[in-house]
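Source file: data14.pdb. Holds: PDB, C-alpha atoms, pLDDT in the B column.
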```
MODEL        1
ATOM      1  CA  MET A  99     -16.251 -16.142  14.266  1.00 46.00           C
ATOM      2  CA  MET A 100     -18.749 -16.601  11.413  1.00 44.00           C
ATOM      3  CA  PHE A 101     -16.146 -15.346   8.906  1.00 49.00           C
ATOM      4  CA  TYR A 102     -13.602 -17.969   9.980  1.00 51.00           C
ATOM      5  CA  LEU A 103     -16.248 -20.721   9.965  1.00 49.00           C
ATOM      6  CA  ARG A 104     -17.305 -19.852   6.419  1.00 52.00           C
ATOM      7  CA  SER A 105     -13.670 -19.646   5.350  1.00 53.00           C
ATOM      8  CA  ALA A 106     -12.972 -23.111   6.746  1.00 52.00           C
ATOM      9  CA  ILE A 107     -15.972 -24.586   4.942  1.00 47.00           C
ATOM     10  CA  LEU A 108     -14.975 -22.907   1.674  1.00 54.00           C
ATOM     11  CA  ALA A 109     -11.256 -23.659   2.022  1.00 59.00           C
ATOM     12  CA  PRO A 110     -11.050 -26.255  -0.817  1.00 59.00           C
ATOM     13  CA  VAL A 111     -12.914 -23.937  -3.203  1.00 54.00           C
ATOM     14  CA  LEU A 112     -10.832 -20.910  -2.203  1.00 50.00           C
ATOM     15  CA  PHE A 113      -7.597 -22.837  -2.677  1.00 51.00           C
ATOM     16  CA  ALA A 114      -8.597 -24.039  -6.152  1.00 52.00           C
ATOM     17  CA  GLN A 115      -9.783 -20.593  -7.208  1.00 57.00           C
ATOM     18  CA  GLY A 116      -6.575 -19.035  -5.917  1.00 54.00           C
ATOM     19  CA  LYS A 117      -4.448 -21.363  -8.046  1.00 60.00           C
ATOM     20  CA  ARG A 118      -6.549 -20.715 -11.167  1.00 64.00           C
ATOM     21  CA  THR A 119      -6.491 -16.959 -10.597  1.00 57.00           C
ATOM     22  CA  ARG A 120      -2.699 -16.880 -10.299  1.00 67.00           C
ATOM     23  CA  ARG A 121      -2.427 -18.718 -13.618  1.00 66.00           C
ATOM     24  CA  ARG A 122      -5.053 -16.615 -15.392  1.00 72.00           C
ATOM     25  CA  VAL A 123      -4.335 -13.045 -14.240  1.00 67.00           C
ATOM     26  CA  PRO A 124      -1.540 -11.397 -16.276  1.00 75.00           C
ATOM     27  CA  VAL A 125       1.547 -10.341 -14.340  1.00 86.00           C
ATOM     28  CA  LEU A 126       2.054  -6.648 -15.006  1.00 96.00           C
ATOM     29  CA  PRO A 127       5.584  -5.252 -14.719  1.00 96.00           C
ATOM     30  CA  GLU A 128       6.739  -2.506 -12.437  1.00 98.00           C
ATOM     31  CA  PRO A 129       6.835   0.640 -14.592  1.00 98.00           C
ATOM     32  CA  PRO A 130      10.147   2.124 -15.733  1.00 98.00           C
ATOM     33  CA  GLY A 131      11.400   5.434 -14.383  1.00 97.00           C
ATOM     34  CA  ASP A 132      13.729   6.962 -11.841  1.00 97.00           C
ATOM     35  CA  ARG A 133      13.327   5.696  -8.282  1.00 97.00           C
ATOM     36  CA  GLU A 134      15.292   8.509  -6.737  1.00 98.00           C
ATOM     37  CA  GLY A 135      15.956  12.075  -7.720  1.00 98.00           C
ATOM     38  CA  GLN A 136      15.111  15.723  -7.221  1.00 98.00           C
ATOM     39  CA  ALA A 137      12.490  18.037  -8.694  1.00 98.00           C
ATOM     40  CA  GLY A 138      10.802  21.365  -8.080  1.00 97.00           C
ATOM     41  CA  SER A 139      11.710  24.484  -6.195  1.00 94.00           C
ATOM     42  CA  GLY A 140      10.767  26.004  -2.881  1.00 95.00           C
ATOM     43  CA  GLN A 141      10.931  24.580   0.612  1.00 96.00           C
ATOM     44  CA  PRO A 142      13.123  21.435   0.734  1.00 98.00           C
ATOM     45  CA  LEU A 143      11.159  18.222   1.223  1.00 98.00           C
ATOM     46  CA  SER A 144      12.691  14.750   1.462  1.00 98.00           C
ATOM     47  CA  LEU A 145      10.279  11.924   0.644  1.00 98.00           C
ATOM     48  CA  LEU A 146      10.381   8.131   1.055  1.00 98.00           C
ATOM     49  CA  ILE A 147       7.766   5.862  -0.525  1.00 98.00           C
ATOM     50  CA  ALA A 148       7.900   2.244   0.619  1.00 98.00           C
ATOM     51  CA  GLY A 149       5.809  -0.845   0.108  1.00 98.00           C
ATOM     52  CA  ASP A 150       4.286  -3.187  -2.422  1.00 98.00           C
ATOM     53  CA  SER A 151       3.164  -3.112  -6.055  1.00 97.00           C
ATOM     54  CA  GLY A 152       0.918  -0.129  -5.406  1.00 98.00           C
ATOM     55  CA  ALA A 153       3.861   1.904  -4.196  1.00 98.00           C
ATOM     56  CA  ALA A 154       5.932   0.565  -7.113  1.00 98.00           C
ATOM     57  CA  GLY A 155       3.296   1.784  -9.579  1.00 98.00           C
ATOM     58  CA  VAL A 156       2.174  -1.488 -11.152  1.00 98.00           C
ATOM     59  CA  GLY A 157      -0.701  -0.720 -13.509  1.00 97.00           C
ATOM     60  CA  ALA A 158       0.897   2.476 -14.824  1.00 98.00           C
ATOM     61  CA  SER A 159       2.960   2.620 -18.012  1.00 97.00           C
ATOM     62  CA  SER A 160       5.703   4.704 -16.375  1.00 98.00           C
ATOM     63  CA  GLN A 161       6.589   6.156 -13.001  1.00 98.00           C
ATOM     64  CA  ASP A 162       5.218   9.474 -14.286  1.00 97.00           C
ATOM     65  CA  GLU A 163       1.716   7.922 -14.232  1.00 98.00           C
ATOM     66  CA  ALA A 164       2.264   6.052 -10.963  1.00 98.00           C
ATOM     67  CA  LEU A 165       1.882   7.248  -7.374  1.00 98.00           C
ATOM     68  CA  LEU A 166       5.473   8.500  -7.223  1.00 98.00           C
ATOM     69  CA  GLY A 167       5.427  10.535 -10.426  1.00 98.00           C
ATOM     70  CA  GLN A 168       2.007  12.065  -9.874  1.00 98.00           C
ATOM     71  CA  LEU A 169       2.878  12.956  -6.287  1.00 98.00           C
ATOM     72  CA  ILE A 170       6.157  14.584  -7.303  1.00 98.00           C
ATOM     73  CA  ALA A 171       4.386  16.573 -10.041  1.00 97.00           C
ATOM     74  CA  ASN A 172       1.857  17.798  -7.480  1.00 97.00           C
ATOM     75  CA  LEU A 173       4.431  18.755  -4.848  1.00 98.00           C
ATOM     76  CA  ALA A 174       7.067  20.236  -7.167  1.00 97.00           C
ATOM     77  CA  THR A 175       5.050  23.432  -7.586  1.00 94.00           C
ATOM     78  CA  ASP A 176       5.722  24.324  -3.938  1.00 96.00           C
ATOM     79  CA  PHE A 177       8.631  22.168  -2.781  1.00 98.00           C
ATOM     80  CA  ALA A 178      12.140  21.169  -3.804  1.00 98.00           C
ATOM     81  CA  VAL A 179      11.487  17.451  -3.512  1.00 98.00           C
ATOM     82  CA  THR A 180      14.165  14.809  -3.011  1.00 98.00           C
ATOM     83  CA  TRP A 181      12.633  11.362  -3.311  1.00 98.00           C
ATOM     84  CA  ASN A 182      13.483   7.704  -2.816  1.00 98.00           C
ATOM     85  CA  LEU A 183      11.229   4.808  -3.832  1.00 98.00           C
ATOM     86  CA  GLN A 184      11.688   1.482  -2.022  1.00 98.00           C
ATOM     87  CA  ALA A 185       8.912  -0.773  -3.315  1.00 98.00           C
ATOM     88  CA  THR A 186       8.556  -4.201  -4.925  1.00 98.00           C
ATOM     89  CA  SER A 187       5.604  -6.219  -6.180  1.00 97.00           C
ATOM     90  CA  GLY A 188       4.543  -8.901  -3.744  1.00 94.00           C
ATOM     91  CA  HIS A 189       6.176  -7.329  -0.726  1.00 97.00           C
ATOM     92  CA  THR A 190       4.571  -7.830   2.650  1.00 97.00           C
ATOM     93  CA  THR A 191       5.149  -5.703   5.724  1.00 98.00           C
ATOM     94  CA  THR A 192       7.867  -8.116   6.856  1.00 98.00           C
ATOM     95  CA  ALA A 193       9.672  -7.902   3.496  1.00 98.00           C
ATOM     96  CA  THR A 194       9.538  -4.110   3.579  1.00 98.00           C
ATOM     97  CA  LEU A 195      10.877  -4.045   7.136  1.00 98.00           C
ATOM     98  CA  GLU A 196      13.806  -6.225   6.092  1.00 98.00           C
ATOM     99  CA  ARG A 197      14.473  -4.001   3.084  1.00 98.00           C
ATOM    100  CA  LEU A 198      14.429  -0.752   5.045  1.00 98.00           C
ATOM    101  CA  GLU A 199      16.645  -2.182   7.766  1.00 97.00           C
ATOM    102  CA  GLN A 200      19.352  -2.636   5.115  1.00 97.00           C
ATOM    103  CA  LEU A 201      19.338   1.047   4.133  1.00 97.00           C
ATOM    104  CA  PRO A 202      21.771   3.474   5.756  1.00 96.00           C
ATOM    105  CA  GLN A 203      20.383   5.765   8.417  1.00 96.00           C
ATOM    106  CA  GLN A 204      19.177   9.029   6.927  1.00 96.00           C
ATOM    107  CA  HIS A 205      16.473  11.639   7.350  1.00 98.00           C
ATOM    108  CA  PHE A 206      13.183  11.901   5.461  1.00 98.00           C
ATOM    109  CA  ASP A 207      10.639  14.605   6.154  1.00 98.00           C
ATOM    110  CA  VAL A 208       7.789  12.393   4.950  1.00 98.00           C
ATOM    111  CA  ALA A 209       7.356   8.639   4.503  1.00 98.00           C
ATOM    112  CA  VAL A 210       4.453   7.154   2.538  1.00 98.00           C
ATOM    113  CA  THR A 211       3.652   3.463   2.968  1.00 98.00           C
ATOM    114  CA  SER A 212       1.484   1.139   0.879  1.00 98.00           C
ATOM    115  CA  LEU A 213       1.148  -2.313   2.411  1.00 98.00           C
ATOM    116  CA  GLY A 214      -1.463  -4.816   3.482  1.00 97.00           C
ATOM    117  CA  VAL A 215      -2.988  -6.538   0.461  1.00 95.00           C
ATOM    118  CA  ASN A 216      -0.252  -9.180   0.261  1.00 94.00           C
ATOM    119  CA  ASP A 217      -0.405  -9.623   4.034  1.00 96.00           C
ATOM    120  CA  SER A 218      -4.171 -10.119   3.930  1.00 91.00           C
ATOM    121  CA  ILE A 219      -3.825 -12.730   1.177  1.00 89.00           C
ATOM    122  CA  SER A 220      -1.209 -14.622   3.189  1.00 87.00           C
ATOM    123  CA  MET A 221      -1.816 -16.599   6.353  1.00 81.00           C
ATOM    124  CA  VAL A 222      -0.598 -13.868   8.717  1.00 93.00           C
ATOM    125  CA  SER A 223      -3.015 -13.120  11.527  1.00 95.00           C
ATOM    126  CA  LEU A 224      -4.486  -9.666  11.986  1.00 96.00           C
ATOM    127  CA  GLY A 225      -2.763  -9.326  15.356  1.00 97.00           C
ATOM    128  CA  SER A 226       0.657 -10.222  13.973  1.00 97.00           C
ATOM    129  CA  TRP A 227       0.212  -7.837  11.042  1.00 97.00           C
ATOM    130  CA  ARG A 228      -0.745  -4.954  13.327  1.00 98.00           C
ATOM    131  CA  LYS A 229       2.417  -5.552  15.359  1.00 98.00           C
ATOM    132  CA  ARG A 230       4.551  -5.565  12.193  1.00 98.00           C
ATOM    133  CA  GLN A 231       2.918  -2.360  11.012  1.00 98.00           C
ATOM    134  CA  ALA A 232       3.615  -0.732  14.387  1.00 98.00           C
ATOM    135  CA  ARG A 233       7.224  -1.892  14.149  1.00 98.00           C
ATOM    136  CA  LEU A 234       7.451  -0.390  10.651  1.00 98.00           C
ATOM    137  CA  ARG A 235       6.196   2.981  11.848  1.00 98.00           C
ATOM    138  CA  GLU A 236       8.670   2.940  14.712  1.00 98.00           C
ATOM    139  CA  LEU A 237      11.521   2.062  12.342  1.00 98.00           C
ATOM    140  CA  LEU A 238      10.620   5.013  10.138  1.00 98.00           C
ATOM    141  CA  ARG A 239      10.662   7.313  13.144  1.00 98.00           C
ATOM    142  CA  THR A 240      13.936   6.071  14.612  1.00 97.00           C
ATOM    143  CA  ARG A 241      16.127   4.961  11.693  1.00 97.00           C
ATOM    144  CA  PHE A 242      14.948   7.628   9.257  1.00 98.00           C
ATOM    145  CA  SER A 243      13.862  10.428  11.620  1.00 98.00           C
ATOM    146  CA  VAL A 244      10.602  10.780   9.699  1.00 98.00           C
ATOM    147  CA  ASP A 245       8.549  13.787  10.775  1.00 97.00           C
ATOM    148  CA  THR A 246       5.296  12.810   9.047  1.00 98.00           C
ATOM    149  CA  LEU A 247       4.089   9.277   8.317  1.00 98.00           C
ATOM    150  CA  ILE A 248       1.406   8.851   5.677  1.00 98.00           C
ATOM    151  CA  VAL A 249      -0.089   5.385   5.861  1.00 98.00           C
ATOM    152  CA  SER A 250      -2.176   4.222   2.905  1.00 98.00           C
ATOM    153  CA  GLY A 251      -5.090   1.959   3.670  1.00 98.00           C
ATOM    154  CA  LEU A 252      -6.075  -1.129   1.702  1.00 97.00           C
ATOM    155  CA  PRO A 253      -8.021  -0.741  -1.549  1.00 96.00           C
ATOM    156  CA  PRO A 254     -11.547  -2.141  -2.110  1.00 94.00           C
ATOM    157  CA  VAL A 255     -10.410  -5.694  -2.837  1.00 93.00           C
ATOM    158  CA  HIS A 256     -14.024  -6.890  -2.524  1.00 91.00           C
ATOM    159  CA  GLY A 257     -14.650  -5.276  -5.925  1.00 90.00           C
ATOM    160  CA  PHE A 258     -11.579  -6.425  -7.840  1.00 91.00           C
ATOM    161  CA  PRO A 259     -12.697  -7.923 -11.194  1.00 89.00           C
ATOM    162  CA  ALA A 260      -9.715 -10.305 -11.313  1.00 85.00           C
ATOM    163  CA  LEU A 261     -11.054 -12.311  -8.371  1.00 85.00           C
ATOM    164  CA  PRO A 262     -13.919 -14.794  -8.814  1.00 76.00           C
ATOM    165  CA  GLN A 263     -16.496 -15.411  -6.116  1.00 81.00           C
ATOM    166  CA  PRO A 264     -16.283 -16.609  -3.373  1.00 77.00           C
ATOM    167  CA  LEU A 265     -12.523 -15.853  -3.416  1.00 81.00           C
ATOM    168  CA  ARG A 266     -13.304 -12.150  -3.911  1.00 83.00           C
ATOM    169  CA  TRP A 267     -15.579 -12.171  -0.865  1.00 85.00           C
ATOM    170  CA  HIS A 268     -12.982 -13.951   1.279  1.00 86.00           C
ATOM    171  CA  ILE A 269      -9.972 -11.786   0.386  1.00 90.00           C
ATOM    172  CA  GLY A 270     -12.115  -8.658   0.332  1.00 92.00           C
ATOM    173  CA  ALA A 271     -13.399  -9.304   3.844  1.00 93.00           C
ATOM    174  CA  ARG A 272      -9.859  -9.853   5.113  1.00 93.00           C
ATOM    175  CA  ALA A 273      -8.665  -6.668   3.423  1.00 95.00           C
ATOM    176  CA  THR A 274     -11.528  -4.680   4.954  1.00 97.00           C
ATOM    177  CA  GLN A 275     -10.674  -6.065   8.389  1.00 97.00           C
ATOM    178  CA  PHE A 276      -7.024  -5.092   7.968  1.00 97.00           C
ATOM    179  CA  ASP A 277      -7.941  -1.654   6.615  1.00 98.00           C
ATOM    180  CA  ARG A 278     -10.204  -0.800   9.547  1.00 98.00           C
ATOM    181  CA  ALA A 279      -7.673  -2.009  12.112  1.00 98.00           C
ATOM    182  CA  LEU A 280      -4.902   0.043  10.522  1.00 98.00           C
ATOM    183  CA  ALA A 281      -7.048   3.187  10.489  1.00 98.00           C
ATOM    184  CA  ARG A 282      -7.808   2.721  14.190  1.00 98.00           C
ATOM    185  CA  ASP A 283      -4.196   2.037  15.117  1.00 98.00           C
ATOM    186  CA  VAL A 284      -2.739   5.141  13.474  1.00 98.00           C
ATOM    187  CA  GLY A 285      -5.628   7.393  14.453  1.00 96.00           C
ATOM    188  CA  SER A 286      -4.099   8.100  17.854  1.00 94.00           C
ATOM    189  CA  GLU A 287      -0.598   8.843  16.527  1.00 97.00           C
ATOM    190  CA  PRO A 288      -0.200  12.615  16.040  1.00 96.00           C
ATOM    191  CA  ASP A 289       2.588  12.329  13.451  1.00 97.00           C
ATOM    192  CA  THR A 290       0.632   9.875  11.279  1.00 98.00           C
ATOM    193  CA  HIS A 291      -2.038  10.462   8.630  1.00 98.00           C
ATOM    194  CA  PHE A 292      -4.229   7.656   7.232  1.00 98.00           C
ATOM    195  CA  ILE A 293      -5.127   7.750   3.522  1.00 98.00           C
ATOM    196  CA  ASP A 294      -8.411   6.034   2.702  1.00 98.00           C
ATOM    197  CA  LEU A 295      -8.017   4.303  -0.674  1.00 97.00           C
ATOM    198  CA  ARG A 296     -11.662   3.272  -0.884  1.00 95.00           C
ATOM    199  CA  PHE A 297     -12.645   6.392  -2.764  1.00 94.00           C
ATOM    200  CA  SER A 298     -13.869   4.795  -5.992  1.00 87.00           C
ATOM    201  CA  GLU A 299     -16.041   1.817  -6.854  1.00 81.00           C
ATOM    202  CA  ASP A 300     -15.457   2.368 -10.582  1.00 89.00           C
ATOM    203  CA  MET A 301     -13.496  -0.736 -11.487  1.00 85.00           C
ATOM    204  CA  ALA A 302     -13.084   0.596 -15.038  1.00 90.00           C
ATOM    205  CA  LEU A 303     -10.364   2.851 -13.626  1.00 95.00           C
ATOM    206  CA  MET A 304      -8.245  -0.154 -12.674  1.00 95.00           C
ATOM    207  CA  ALA A 305      -5.354  -1.585 -14.657  1.00 95.00           C
ATOM    208  CA  SER A 306      -5.882  -4.238 -17.325  1.00 94.00           C
ATOM    209  CA  ASP A 307      -5.236  -7.062 -14.855  1.00 93.00           C
ATOM    210  CA  GLY A 308      -8.268  -6.130 -12.759  1.00 92.00           C
ATOM    211  CA  PHE A 309      -6.130  -6.098  -9.633  1.00 92.00           C
ATOM    212  CA  HIS A 310      -3.963  -2.958  -9.652  1.00 96.00           C
ATOM    213  CA  PRO A 311      -4.753   0.763  -9.876  1.00 97.00           C
ATOM    214  CA  GLY A 312      -4.840   2.565 -13.193  1.00 97.00           C
ATOM    215  CA  PRO A 313      -3.366   6.066 -13.707  1.00 97.00           C
ATOM    216  CA  ALA A 314      -6.604   7.830 -12.665  1.00 97.00           C
ATOM    217  CA  ILE A 315      -6.606   6.045  -9.308  1.00 97.00           C
ATOM    218  CA  TYR A 316      -2.931   6.828  -8.803  1.00 98.00           C
ATOM    219  CA  ALA A 317      -3.709  10.494  -9.555  1.00 98.00           C
ATOM    220  CA  GLU A 318      -6.374  10.701  -6.839  1.00 98.00           C
ATOM    221  CA  TRP A 319      -4.180   8.777  -4.403  1.00 98.00           C
ATOM    222  CA  ALA A 320      -1.333  11.224  -5.073  1.00 98.00           C
ATOM    223  CA  ARG A 321      -3.677  14.201  -4.656  1.00 98.00           C
ATOM    224  CA  ARG A 322      -4.761  12.949  -1.212  1.00 98.00           C
ATOM    225  CA  VAL A 323      -1.188  12.327  -0.114  1.00 98.00           C
ATOM    226  CA  ALA A 324      -0.104  15.773  -1.334  1.00 98.00           C
ATOM    227  CA  ALA A 325      -2.960  17.406   0.583  1.00 98.00           C
ATOM    228  CA  ALA A 326      -1.876  15.600   3.752  1.00 98.00           C
ATOM    229  CA  ILE A 327       1.727  16.748   3.251  1.00 97.00           C
ATOM    230  CA  ARG A 328       0.671  20.365   2.744  1.00 96.00           C
ATOM    231  CA  ALA A 329      -1.496  20.198   5.857  1.00 94.00           C
ATOM    232  CA  ARG A 330       1.284  18.865   8.063  1.00 84.00           C
TER     233      ARG A 330
ENDMDL
END
```

Here is the file; what I need is its structure written in the form of structure tokens.
Amino acid sequence: MMFYLRSAILAPVLFAQGKRTRRRVPVLPEPPGDREGQAGSGQPLSLLIAGDSGAAGVGASSQDEALLGQLIANLATDFAVTWNLQATSGHTTTATLERLEQLPQQHFDVAVTSLGVNDSISMVSLGSWRKRQARLRELLRTRFSVDTLIVSGLPPVHGFPALPQPLRWHIGARATQFDRALARDVGSEPDTHFIDLRFSEDMALMASDGFHPGPAIYAEWARRVAAAIRAR
């Protein structure tokens, strides 16, 4: 209740800061590189990565440095990986649902999702977002016969250099609320693994825009996802 009261009081300031931040922060492109393909040798593994700019690799100079490329490089030593990347900057859970519903039915052994920051910035309520996330997980299970779901949490937005105070506090608190709820929701689902992205407070490892991961963060993210896949 106190959070919403403070947010209401600060609303004019938050709105003005949000507009200035959107004008000031550089818009980084999605990195070039193949979004589907095959690599490695060993046990066959089909992989889907879906979500927002984090999944798309914004902040990396190429897909090789992004989550996709670093994950494939990690897995290709043990698996013959077939991958498909379905991610776009700015996508919310709803946008990703709509995108995946347009794909033909097919099977993926593993699906990795990266969503929540754009939802937390928008006006969607926590309850509505949790329902959309549950719907997304069910879609992955039914339409794509996914055996293992790997759900990435929300990064430490409360530390993002691109955001001035009190906007950083406001968005960071929302992101933390969403992150904790998501971890609780998937914790009881035996086919789902939650990846905590709050593993570094070193903002020097972020991209030049102060909002997206840099290659070192993508590398650790990929390492954690690969470990979850090997443990499945």

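This file gives the following result for the PyMOL selection byres ((chain A and resi 137) around 8): Gly135, Gln136, Gly138, Ser139, Ile170, Ala174, Ala178, Val179 and Thr180 of chain A.
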
Kindly export the residues of the current selection with C-alpha atoms, as a CSV table (one decimal), keeping the file's coordinate frame.
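Result went into part.csv, see below:
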```csv
chain,number,residue,atom,x,y,z
A,135,GLY,CA,16.0,12.1,-7.7
A,136,GLN,CA,15.1,15.7,-7.2
A,138,GLY,CA,10.8,21.4,-8.1
A,139,SER,CA,11.7,24.5,-6.2
A,170,ILE,CA,6.2,14.6,-7.3
A,174,ALA,CA,7.1,20.2,-7.2
A,178,ALA,CA,12.1,21.2,-3.8
A,179,VAL,CA,11.5,17.5,-3.5
A,180,THR,CA,14.2,14.8,-3.0
```

Report as a compact mmCIF listing (two decimals) with C-alpha atoms, in the coordinates of the input the full result of the PyMOL selection byres ((chain A and resi 248-253) around 7) when it is applied to this structure.
```
# COMPACT_ATOMS: atom_id res chain seq x y z
CA ALA A 209 7.36 8.64 4.50
CA VAL A 210 4.45 7.15 2.54
CA THR A 211 3.65 3.46 2.97
CA SER A 212 1.48 1.14 0.88
CA GLY A 214 -1.46 -4.82 3.48
CA VAL A 215 -2.99 -6.54 0.46
CA THR A 246 5.30 12.81 9.05
CA LEU A 247 4.09 9.28 8.32
CA PRO A 254 -11.55 -2.14 -2.11
CA VAL A 255 -10.41 -5.69 -2.84
CA ALA A 273 -8.66 -6.67 3.42
CA ASP A 277 -7.94 -1.65 6.62
CA THR A 290 0.63 9.88 11.28
CA HIS A 291 -2.04 10.46 8.63
CA PHE A 292 -4.23 7.66 7.23
CA ILE A 293 -5.13 7.75 3.52
CA ASP A 294 -8.41 6.03 2.70
CA LEU A 295 -8.02 4.30 -0.67
CA ARG A 296 -11.66 3.27 -0.88
```

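The shortest atom-to-atom distance to Phe276 (chain A), with only C-alpha atoms taken into account, belongs to A:Asp217 out of A:Asp300, A:Asp162, A:Asp132, A:Asp217.
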
- Task: Write out as a PyMOL selection string which residues come within 6 Å of region 196-207 of chain A when counting all atoms listed in the file, dropping same-chain ones fewer than 2 positions away.
- Result: chain A and resi 144-145+193-194+241-245

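Using the PyMOL selection byres ((chain A and resi 156) around 7) on the file at hand returns these residues: Leu126, Pro127, Glu128, Pro129, Ser151, Gly152, Ala154, Gly155, Gly157, Ala158 and His310 of chain A.
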
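Comparing the minimum interatomic distances between Pro288 (chain A) and each of A:Val208, A:Arg330, A:Trp181, A:Arg133, counting only C-alpha atoms, we find that A:Arg330 sits nearest.
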
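Among the candidates A:Ile219, A:Ala324, A:Met301, A:Ile315, the residue lying nearest to Pro259 (chain A) is A:Met301 (atoms considered: only C-alpha atoms).
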
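Across A:Leu195, A:Leu169, A:Ile147, A:Leu280, the tightest approach to Leu224 (chain A) is made by A:Leu280 when counting all atoms listed in the file.
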
- Item | Pick from A:Ala148, A:Glu134, A:Thr274, A:Pro264 nearest to Asn182 (chain A), counting all atoms listed in the file | A:Glu134

- Item | Atom-to-atom span, CA of Gln184 (chain A) and CA of Ala153 (chain A), Å | 8.1 Å

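The nearest approach to Arg122 (chain A) among the residues A:Leu166, A:Leu303, A:Thr191, A:Leu261, with only C-alpha atoms taken into account, belongs to A:Leu261.
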
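Using all atoms listed in the file, the contacts of Leu213 (chain A) at a cut-off of 7 Å, with sequence neighbours closer than 3 positions omitted, comprise Gly149, Asp150, Thr190 and Thr191 of chain A.
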
- Task: Kindly give the distance, in Å, that separates CA of Asp307 (chain A) and CA of Ile269 (chain A), rounded to a single decimal.
- Result: 16.6 Å

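The gap separating CA of Leu165 (chain A) from CA of Trp319 (chain A) is 6.9 Å, in Å to one decimal.
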
Please define a box with edges along x, y and z of the file around all atoms of region 204-210 of chain A given in the file, extend it by 4 Å on each side, and return its centre and edge lengths in Å to one decimal, as AutoDock Vina command-line options.
```
--center_x 11.8 --center_y 10.9 --center_z 4.9 --size_x 22.7 --size_y 15.5 --size_z 12.8
```
